[in-house]
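Report on the following structure.
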Amino acid sequence: MPTTSDQDAKVEPRAAMSKTPEKRSKTPEKRSKTPEKRRAEEEEEDEEELLPVAVEGSSLALEGSSDSEESLFSGLEESGSDSEEDDEDEEEEGVPGSAVDPDGGNSQETVEEGEERGMTEKERALLKDKTDEYDHDSSDEEDIRNTVGNIPMEWYKDFPHIGYDLDGKKILKPIRNKDELDDFLDKMENPDYWRTVPDKQTGSEIVLTDDQVDLVHRLQRGQFGDVNFNQYQPTVEFFSGEVMIHPVTNRPEDKRSFIPSLIEKAKVSKLVHAIKMGWIRPRRSKEERAEEAGRYYDLWASEDPNAILGRHKMHVPAPKLRLPGHEESYNPPPEYLLSEEERLAWEQLDPEDRKTTYLPRKFSCLRAVPSYSRFIHERFERCLDLYLCPRQRKMRVNVNPEDLIPKLPKPKDLQPFPTTQSLVYRGHTGLIRSISVSPTGQWLLSGSDDGTVRFWEVVSSRCVKTVQVGGAVRSVAWNPNPAVCLVAVAVGCDVLLLCPSLGDRLLIGSTEQLLSSYQPPEEKGEELVVWTTTEGEEHSQGVRLRLTHPKAVQQVVWHSKGDYLSSVMPQPSSHLQVLVHQVSRRRSQNPFRRSKGLVQCVSFHPLRPYFFVATQRSVRVYNLIKQEMTKKLQANSKWISSMAVHPAGDNVICGSYDCRLAWFDLDLSTKPYKMLRHHKKAVRGVAYHPSYPLFASASDDGSVIVCHGTVYNDLLQNPLIVPVKVLRGHTVTNDLGVLDVTFHPSQPWLFSCGADATIRLFT
Amino acid sequence: MGGVQKKKFDRGAATNYITRNRARKKLQLSLADFRRLCILKGIYPHEPKHKKKVNRGSTAPRTFYLMKDIRFLLHEPIVGKFREYKIFVRKLRKAYGKSEWTGVTRLKDNKPVYKLDHIIKERYPTFIDALRDVDDALSMGFLFSTFARTGKCHVQTIQLCRRLTVEWMNYVITSRALKKVFLSIKGIYYQAEVLGQTITWLVPYQFSHDHPTDVDYRVMATFTEMYTTLMGFINFRLYSSLNLVYPPKLDTKASGALLKGEDDGDYALDSESYMEKLSALSSCLARVVSSVEEDEAQMDHFPVEGEDVEQMEAREKEHKEQEAQRRLFEGLKFFVNREVPRESLAFVLRCFGAQVSWDKSLCIGAAYDVTDETITHHIADRPNMEKQYINRYYIQPQWVYDSINSKICLPVEDYFLGVTLPPHLSPFVEEKEGDYVPPEKLRIMALQRGEAIVQDEDEEDDEDDDDDEDEEEEEEEEEEEEEKEDEQNLKKMETQRSQGKSLSVKVTPGKVKKEDRGRLEQEEKAEEKRLAIMMMKKKEKYLYDKIMFGKKRKVREANKLTAKRKAHDDASKTDKKKKAKKQ
């Protein structure tokens, strides 16, 4: 299109001011351009291509106007026109350099501007014929043209000139002597000051014309620079609904426009298939869907009991939430509000440990109640409980605690038994470890840590005799044989045999005779124990024999016949722990070859030749004739402290330091028949009553518990054990309470000795 | 010997249980889907008896499900729907990624949906079963209906919850099933008896929630999904049992004028105004068969064998009481001021036969104006009202709730505006023997029995109460002391005796000791008991100790409360006296 380029060249010289506005109004112009251009093109085409148009029009008329084809055409045409446009633009882009040079001077346009410039120029070209707007554009500076091009003018800052004119001569800077005062004066005097603008390129000042000022104002208001331009003019559709008589192009139609498209066919068949298969469903409206979701009916119309699944019987319904109490009220009674300390304690607890998740609060009126901040939390926790917690059916049995208490015969019906403390025997200064009653029941013997052995008259609580033995007495035992009057006392490594010379003179005489009638045997073997007869001071005190043991003796026990005596020297891992002595022959023997543990105490069977040895955790029963172990009783306790054998010989009780009392029925089992955990502290001593069905246990908690324990002759009937009385009296000193307990041989009386240096008689 | 060697964990407990992860794999579901499935189907974990056996010898903490349960889940059609949904999400994502907007809309329109009807039927084979479990559903529904329509969950869910809860409230009003109400710091508890089932639900106060961050709303939403379905079916059934139209319609005859309401447009859009009117809870519902008025069903007498006349009478009396409670506010006309919770009060008052109205600008459905002369009670929650009408009581809202709980119209004097309110007690607490009973409760009980308490005698009353308390206290103390006493006595006696011994021998005229027979006997019995306790077996002793410990703790707590109360009363009394003196 050579014509346009020519026009460009002509149009190019244009006021510098009008260029910038153009740049701003870029988009609207671009929009407006198209229709005009099209019009122009149409005109041109009308002129040049009359003939082909006629042909195309006929073809159109022939084919009729099917929508698709028209759209096809339109699409083609559009793309065509676009490409044309692009071509034009490209052409024009090349122009500026060449176009500017001939005119010289105003070369403000940038290369980027080229595009739009091209458009505007074209526009101008179109309008040119009607109005020549540049006629009155008479700026005098046009002849002074600077040829430096579009460069930052600071580069010329240090030079006296600011560029070169068309002839290559320097354009000198105006003599700038304008200072602020001048400026001010200028401002005051020059009426055109406000429309005077400095031109950077030439250094001169330009006074804007009215039109230019107007233009500036319009642009500032966001209007088009051209006054006559109507931005709201009706668009003229290139393709309209009306069938035109002429085709847009005269391109022969493609073959594919006559035959149905295979691709489309495939697409359609695919869709049809999908619809048939139900993959594509017609769209449902929103209301329809909502209705579907919220449609309810009588779900339980036919409640068929058979339809209930088996698993439903196993179902554990979720427990309901606990109902709130008074303290949750918004206005609770004052007693439910927490005090300051309680509140602090609540706050310091972990949230899991708190009894309630909230603090009770009081509000004066309903209006003041705030929202509960943990509401959503608690609901969520409930949800978690519902689906995460294992559920279990727990049978809650409502037990009446009274029913748990066993029905025992009333203690009243089991009398007699000691009930009250009647006598206190005072005299000892140290704790009393052991007591023993004479077989007649008239005398009481006690051995204490103060190094004395005292003899008391039972009924009067009078101390009739005191023997200094020179050491803490560990154990005392009165010979059970009523025909002799002899006691054994364990002091340190010795066992003393004392003749208390109390009671019947005949008896004393017989005892003395028994002791003195000893004939030393001819051949003396090696003795474990040295038997020595005492003389002098000791003898006058009543000590008759001294059995010197290799180690400290813990306990002495008589056989029921009164001839044999056993002593215990507890030594871990020593075979020499238990010795059996025969008084009449003054002989001692060690019955055990090997140690079976730490021996705590020993006891003779009252009727048969059995020997009980209590070690730390068990009681061994030995047959002395067969010389073998017959039984081993497991006490189920940590440390046996004491042991007593029932006078009938079939039952044994064992007290232990772990507060237990075990009753063994030898005929029944080697396990305890009954474990009694009555005491709060270690059991120190146990005793059976020789004739009444009673037994007692003494403990460090200062109490003696008397139990009724009937042993039936019928083997099938188990012993009946009923606690009948708790006897208190001893005071606990140094964590030691009652140390030993023993019964009166004939009366239902009980003696107990304790760490408070007293002996008490309960009747 | 031959035979195949037995493998471990091939039989027995190990095969009855399955860990959660294995169950998930077996069902081929993601954890979230598995969780959802468990929630919907009501499957919960089980705690095996021998964890190590089930856990294949390991003691790692794991969640176990019953194998049977998981097998039961295998056949659930919803599992298929979950998978479909997964695929749908994938397709949708793809469509978004390719910016195929038509595809997106098409997919969205055909979003797979599932119904929970069959699950509800399966979980609750009978209607009563469903009704028994509706507590949580209601609480959840009421919570969700108060959510703001932003974020957290779908707007449709909120709307549905609102609709269902309004339906429920309307049902309760119509059937007059409400029994108890409790204003707690958490919200308002309501208890209704529907078809013999006691149903309790909690409604939060009308505030916006600050949503906690550590709550998984997906879990809550899944529960809500199930609960809404359940509630819908229950509502339908309940409405049909009362011959009401479902979905509820307002009774056009009774409240024709109201329906046409000229200024509906001010309150809500036309599409929502009907719902709003329903939720105003001010008008009756339409019935399928329009009956004139539900005539009182006469209770027939079916003398049950073995039931004597007394029991019959008691039953009849109870029935009458219930009837009376239902008509508690019949004939009263209330006006609700704008600062009190309107919905709760409207619901509660209508449940007991009262007429309620409120300011027109407060809510739709106001029946009459403040100026109505026939209003008997005006409920307000402000210290004073400027303009007061003479012929009505101005009371605080607590009066309504307290009256309902005590089943009688309480004297209004304690609830006037600006008066310090009496404590609001929980109606759910049923005091047993030995429990602490607040004096206010005693007072209400006295009122129920018909013993008139004149206001002037208030102080005396208090004193009486105090006396009662004291007596109680004493009793309790006695109980506690009983055991101690014996021991103390014994000790005393012994010490006396021992001291008597050690004293110098001196004969002093002895005092005749009064022998209290009863006391001696008691002592003897107590000792017997103690001795018997000693002989208890270890297991029984443990149980016995536990029971006794619990009992003692209860007594201790009750004592503590009484002491606190007493201290408080004393303090307030002295305050009063001081004030009086100053004046």
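Following the order of the structure tokens, chains are lettered A, B, ..., residues in each are numbered from 1, and ligands are numbered from 1.
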Give me, as a VMD selection string, the residues of chain B touching chain A, with the criterion being at most 7 Å (counting only C-alpha atoms). chain B and resid 38 to 39 42 to 47 109 121 125 to 127 183 to 186 205 207 215 220 232 to 233 236 to 237 340 381 423 to 426 428 to 429 494 531 to 534 536 540 544 547 561 564 to 565
Enumerate, as a ChimeraX atom specification, the complete set of residues in stretch 467-543 of chain A that a backbone-based DSSP assignment places in alpha helix (DSSP H). /A:505-516,536-541
Selection near B:Leu131, 12 Å with only C-alpha atoms, sequence-local residues under 5 positions removed, as JSON, numbers by chain: {"A": [300], "B": [120, 123, 124, 125, 126, 136, 137, 138, 192, 193, 194, 195, 196, 197, 198, 199, 200, 227, 230, 231, 232, 233, 234, 235, 237, 238]}
Mind checking which residues fall within 8 Å of stretch 62-66 of chain B, counting only C-alpha atoms, ignoring those fewer than 2 positions away in the same chain, and posting them as a ChimeraX atom specification? /B:16-20,23,44-48,55,60,68-70
Interatomic distance between atom CA of A:Trp639 and atom CA of A:Val619? 11.1 Å
May I ask for the distance between atom CA of A:Gly709 and atom CA of A:Leu750, given in Å to one decimal place? 15.2 Å
